[in-house]
Amino acid sequence: MTNPEILRYTQETGDFSRMLESIPYARFIGLECDRFGDDLIFRLPKKEENLGNPVLPAIHGGVIGGFMELSAIIYLMMSQETLRMPRIVDFSLDYLRAGLNRETFAECQLTRQGNRVANVMITAWQKSRSQPIATARAHFLLED
Amino acid sequence: MNNAMRMDRVRRFIATLNQCRELGLTVTSAKKGQLTLCLPYSDRIIGNPDTGVIHGGAITTLMDTASGSVIMCALEDFELCPTLDLRVDYMRPAEPHKPVYARAETYRVTRNIIFTRCEAFQDPGETIANCVGTFMRIGKEAMPKSFRELIDGDTK
């Protein structure tokens with residue numbers, strides 16, 4: 001993320017398309033993001049390529065994890081106004097319900113931020129926010 | 001069941017998972033209670049465009065798949081076991097332009113729960129990430145017979 005112009009553009013307009021376009025993995029799974037006031041809602045549209053279990057069918061658990069992890073990274077970059085991508089240290093993921101083949105949402109919460117490490121909680125849901133399909137928490141290194 | 005049968009079973013299973021086909025996951029080796037999968041490098045899964053390092057999410061998918069599929073190498077009958085939780089510790093970023101391997105094992109199998117651990121590495125001894133997982137046994141009847149036969153092929 002060396003392009004400060006993209007970050008400034010994203011912060012000023014709330015249009016994440018250019019930022020997400022610059023991250024290949026975001027395009028690979030189809031991650032989108034919208035800003036509502038100061039809040040960010042991440043969205044993973046329905047996509048056949050993201051499926052695991054073909055019988056249900058359900059989104060691959062790893063994709064749900066990757067979606068939540070990348071959501072947390074973008075969330076941190078926006079709240080820190082940093083150009084550097086935070087480095088993930090660990091990631092703990094609880095799967096609560098099957099992620100069916102439909103649109104999935106995620107939101108993040110900064111639980112604690114120290115000088116070097118941030119702790120972020122991530123919740124993912126589909127039809128109703130009150131019925132999350134997965135929750136996760138992650139630690140990130142903000143600098144080397 | 002011998003190792004060749006275990007490998008075929010995992011290959012057939014992974015072939016049914018769209019995301020694993022997208023990532024190009026392959027089976028490197030299978031033994032009783034042990035499985036190694038390979039994730040090839042691709043520009044499409046880069047997480048940091050400045051460094052070319054692949055995104056942790058692709059490694060999470062690799063490790064989730066390896067941990068979930070090693071169960072097929074531990075149990076006689078095919079059972080699809082949903083993931084309850086995964087805990088991933090990232091030791092170092094994966095080096096660009098090289099494949100990442102994930103070696104998973106079941107270290108405890110109970111009537112209801114299967115406990116797994118998994119190591120992602122590139123060169124031996126250079127761990128990229130460690131992962132522990134728990135999987136729920138929901139019984140082999142939870143999957144339709146046709147799907148079980150597809151995965152078992154004629155190995156039984």
# chains A, B, ... in the order shown; residues from 1 in each chain; ligands from 1
>>> interface_residues(of="chain B", to="chain A", cutoff="7 Å", atoms="only C-alpha atoms", output="MDAnalysis selection string")
chainID B and resid 16:19 22 44:50 55:58 60:61 64 83:90
>>> residues_around(residues="B:Leu150", least_positions_apart="5", cutoff="10 Å", atoms="only C-alpha atoms", output="PyMOL selection string")
chain B and resi 9+12-13+16+145
>>> write_last_selection(atoms="N, CA and C atoms", output="PDB file, in the first residue's frame")
ATOM      1  N   ARG B   9      -8.659 -40.534  -1.645  1.00  0.00           N
ATOM      2  CA  ARG B   9      -9.865 -40.034  -0.980  1.00  0.00           C
ATOM      3  C   ARG B   9      -9.774 -38.521  -0.782  1.00  0.00           C
ATOM      4  N   ARG B  12     -10.073 -36.655  -4.137  1.00  0.00           N
ATOM      5  CA  ARG B  12     -11.458 -36.568  -4.632  1.00  0.00           C
ATOM      6  C   ARG B  12     -12.256 -35.555  -3.823  1.00  0.00           C
ATOM      7  N   PHE B  13     -12.002 -35.524  -2.512  1.00  0.00           N
ATOM      8  CA  PHE B  13     -12.734 -34.590  -1.661  1.00  0.00           C
ATOM      9  C   PHE B  13     -12.388 -33.145  -2.034  1.00  0.00           C
ATOM     10  N   THR B  16     -13.973 -31.443  -4.917  1.00  0.00           N
ATOM     11  CA  THR B  16     -15.362 -30.988  -4.823  1.00  0.00           C
ATOM     12  C   THR B  16     -15.468 -29.586  -4.206  1.00  0.00           C
ATOM     13  N   LYS B 145     -25.541 -40.285   0.865  1.00  0.00           N
ATOM     14  CA  LYS B 145     -24.807 -41.499   0.491  1.00  0.00           C
ATOM     15  C   LYS B 145     -24.066 -41.292  -0.832  1.00  0.00           C
TER      16      LYS B 145
END
>>> atom_distance(atom1="atom CA of A:Leu40", atom2="atom CA of B:Ile54")
24.0 Å
>>> atom_distance(atom1="atom CA of B:Lys31", atom2="atom CA of B:Met143")
23.7 Å
>>> residues_around(residues="stretch 97-104 of chain B", least_positions_apart="4", cutoff="7 Å", atoms="only C-alpha atoms", output="PyMOL selection string")
chain B and resi 34-41+62-63+66-67+70+116-122
>>> write_last_selection(atoms="C-alpha atoms", output="PDB file, in the first residue's frame")
ATOM      1  CA  GLN B  34      -1.272 -37.216   8.700  1.00  0.00           C
ATOM      2  CA  LEU B  35      -1.715 -35.153   5.573  1.00  0.00           C
ATOM      3  CA  THR B  36       0.362 -32.631   3.613  1.00  0.00           C
ATOM      4  CA  LEU B  37      -1.212 -30.229   1.103  1.00  0.00           C
ATOM      5  CA  CYS B  38       0.447 -27.729  -1.233  1.00  0.00           C
ATOM      6  CA  LEU B  39      -0.674 -24.187  -2.117  1.00  0.00           C
ATOM      7  CA  PRO B  40       1.093 -22.892  -5.257  1.00  0.00           C
ATOM      8  CA  TYR B  41       2.130 -19.234  -5.419  1.00  0.00           C
ATOM      9  CA  LEU B  62      -4.914 -24.055   3.148  1.00  0.00           C
ATOM     10  CA  MET B  63      -4.664 -24.921   6.860  1.00  0.00           C
ATOM     11  CA  ALA B  66      -5.552 -29.647   5.560  1.00  0.00           C
ATOM     12  CA  SER B  67      -6.898 -29.861   9.126  1.00  0.00           C
ATOM     13  CA  VAL B  70      -6.649 -35.083   7.634  1.00  0.00           C
ATOM     14  CA  THR B 116      -5.917 -31.229  14.934  1.00  0.00           C
ATOM     15  CA  ARG B 117      -2.659 -29.354  14.582  1.00  0.00           C
ATOM     16  CA  CYS B 118      -1.127 -28.069  11.429  1.00  0.00           C
ATOM     17  CA  GLU B 119       2.110 -26.398  10.386  1.00  0.00           C
ATOM     18  CA  ALA B 120       2.471 -24.260   7.259  1.00  0.00           C
ATOM     19  CA  PHE B 121       6.022 -24.077   5.897  1.00  0.00           C
ATOM     20  CA  GLN B 122       8.021 -23.425   2.764  1.00  0.00           C
TER      21      GLN B 122
END
>>> select_by_dssp(residues="stretch 70-125 of chain B", states="strand (DSSP E)", output="list of chain:residue names")
B:Thr83, B:Leu84, B:Asp85, B:Leu86, B:Arg87, B:Val88, B:Asp89, B:Tyr90, B:Val100, B:Tyr101, B:Ala102, B:Arg103, B:Ala104, B:Glu105, B:Thr106, B:Tyr107, B:Arg108, B:Val109, B:Ile113, B:Ile114, B:Phe115, B:Thr116, B:Arg117, B:Cys118, B:Glu119, B:Ala120, B:Phe121
>>> closest_residue(among="A:Ile133, A:Pro86, A:Arg116, A:Met77", to="A:Thr104", atoms="only C-alpha atoms")
A:Ile133
>>> residues_around(residues="A:Tyr75", least_positions_apart="2", cutoff="12 Å", atoms="only C-alpha atoms", output="PDB file with C-alpha atoms, in the first residue's frame")
ATOM      1  CA  THR A  10     -10.520   6.437   0.248  1.00  0.00           C
ATOM      2  CA  GLN A  11     -10.609   8.460   3.463  1.00  0.00           C
ATOM      3  CA  PHE A  16     -13.102   1.783  -1.292  1.00  0.00           C
ATOM      4  CA  CYS A  33     -16.525  -2.206   1.885  1.00  0.00           C
ATOM      5  CA  ASP A  34     -18.936   0.630   2.635  1.00  0.00           C
ATOM      6  CA  ARG A  35     -18.609   3.464   5.096  1.00  0.00           C
ATOM      7  CA  ASP A  38     -17.393   6.410  10.936  1.00  0.00           C
ATOM      8  CA  ASP A  39     -18.481   2.774  10.717  1.00  0.00           C
ATOM      9  CA  LEU A  40     -17.224   0.329   8.113  1.00  0.00           C
ATOM     10  CA  ILE A  41     -19.303  -2.609   6.930  1.00  0.00           C
ATOM     11  CA  PHE A  42     -17.482  -5.247   4.913  1.00  0.00           C
ATOM     12  CA  MET A  68     -12.598 -11.429   8.371  1.00  0.00           C
ATOM     13  CA  GLU A  69      -8.825 -11.111   8.497  1.00  0.00           C
ATOM     14  CA  LEU A  70      -8.644  -8.744   5.527  1.00  0.00           C
ATOM     15  CA  SER A  71     -11.593  -6.745   6.918  1.00  0.00           C
ATOM     16  CA  ALA A  72      -9.627  -6.244  10.142  1.00  0.00           C
ATOM     17  CA  ILE A  73      -6.538  -5.111   8.221  1.00  0.00           C
ATOM     18  CA  MET A  77      -5.468   0.999   8.173  1.00  0.00           C
ATOM     19  CA  MET A  78      -8.430   3.363   8.047  1.00  0.00           C
ATOM     20  CA  SER A  79      -8.506   3.990  11.793  1.00  0.00           C
ATOM     21  CA  GLN A  80      -4.720   4.407  12.048  1.00  0.00           C
ATOM     22  CA  GLU A  81      -4.458   6.448   8.868  1.00  0.00           C
ATOM     23  CA  THR A  82      -1.325   4.469   8.198  1.00  0.00           C
ATOM     24  CA  MET A  85      -0.311  -2.765   6.262  1.00  0.00           C
ATOM     25  CA  PRO A  86      -0.481  -4.006   9.840  1.00  0.00           C
ATOM     26  CA  ALA A 106     -18.471  -8.292   8.713  1.00  0.00           C
ATOM     27  CA  GLU A 107     -17.740  -5.509  11.143  1.00  0.00           C
ATOM     28  CA  CYS A 108     -14.697  -4.881  13.294  1.00  0.00           C
ATOM     29  CA  GLN A 109     -14.096  -3.390  16.685  1.00  0.00           C
ATOM     30  CA  LEU A 110     -10.802  -2.180  18.071  1.00  0.00           C
ATOM     31  CA  ALA A 118      -3.713  -3.849  18.328  1.00  0.00           C
ATOM     32  CA  ASN A 119      -6.418  -6.339  19.318  1.00  0.00           C
ATOM     33  CA  VAL A 120      -9.374  -6.444  16.940  1.00  0.00           C
ATOM     34  CA  MET A 121     -12.693  -8.312  17.270  1.00  0.00           C
ATOM     35  CA  ILE A 122     -14.445  -9.294  14.070  1.00  0.00           C
ATOM     36  CA  PHE A 140      -1.713  -7.088  14.725  1.00  0.00           C
TER      37      PHE A 140
END
>>> atom_distance(atom1="atom CA of B:Met7", atom2="atom CA of B:Ala94")
25.7 Å
>>> select_by_dssp(residues="stretch 1-72 of chain B", states="helix (DSSP H, G or I)", output="PyMOL selection string")
chain B and resi 3-15+18-23+43-45+56-72
>>> closest_residue(among="B:Lys140, B:Arg11, B:Arg148, B:Arg111", to="B:Glu79", atoms="only C-alpha atoms")
B:Lys140
>>> residues_around(residues="B:Met91", least_positions_apart="2", cutoff="8 Å", atoms="only C-alpha atoms", output="tab-separated table (two decimals) with C-alpha atoms, in the first residue's frame")
chain	number	residue	atom	x	y	z
A	89	VAL	CA	0.38	-11.99	14.67
B	89	ASP	CA	-0.22	-18.12	14.84
B	93	PRO	CA	5.40	-13.97	6.06
B	127	THR	CA	7.51	-22.35	9.83
B	128	ILE	CA	5.16	-19.80	8.27
B	129	ALA	CA	2.24	-20.47	10.61
B	130	ASN	CA	0.99	-22.93	13.21
>>> closest_residue(among="B:Thr26, B:Asn2, B:Thr110, B:Ser42", to="B:Thr134", atoms="only C-alpha atoms")
B:Thr110
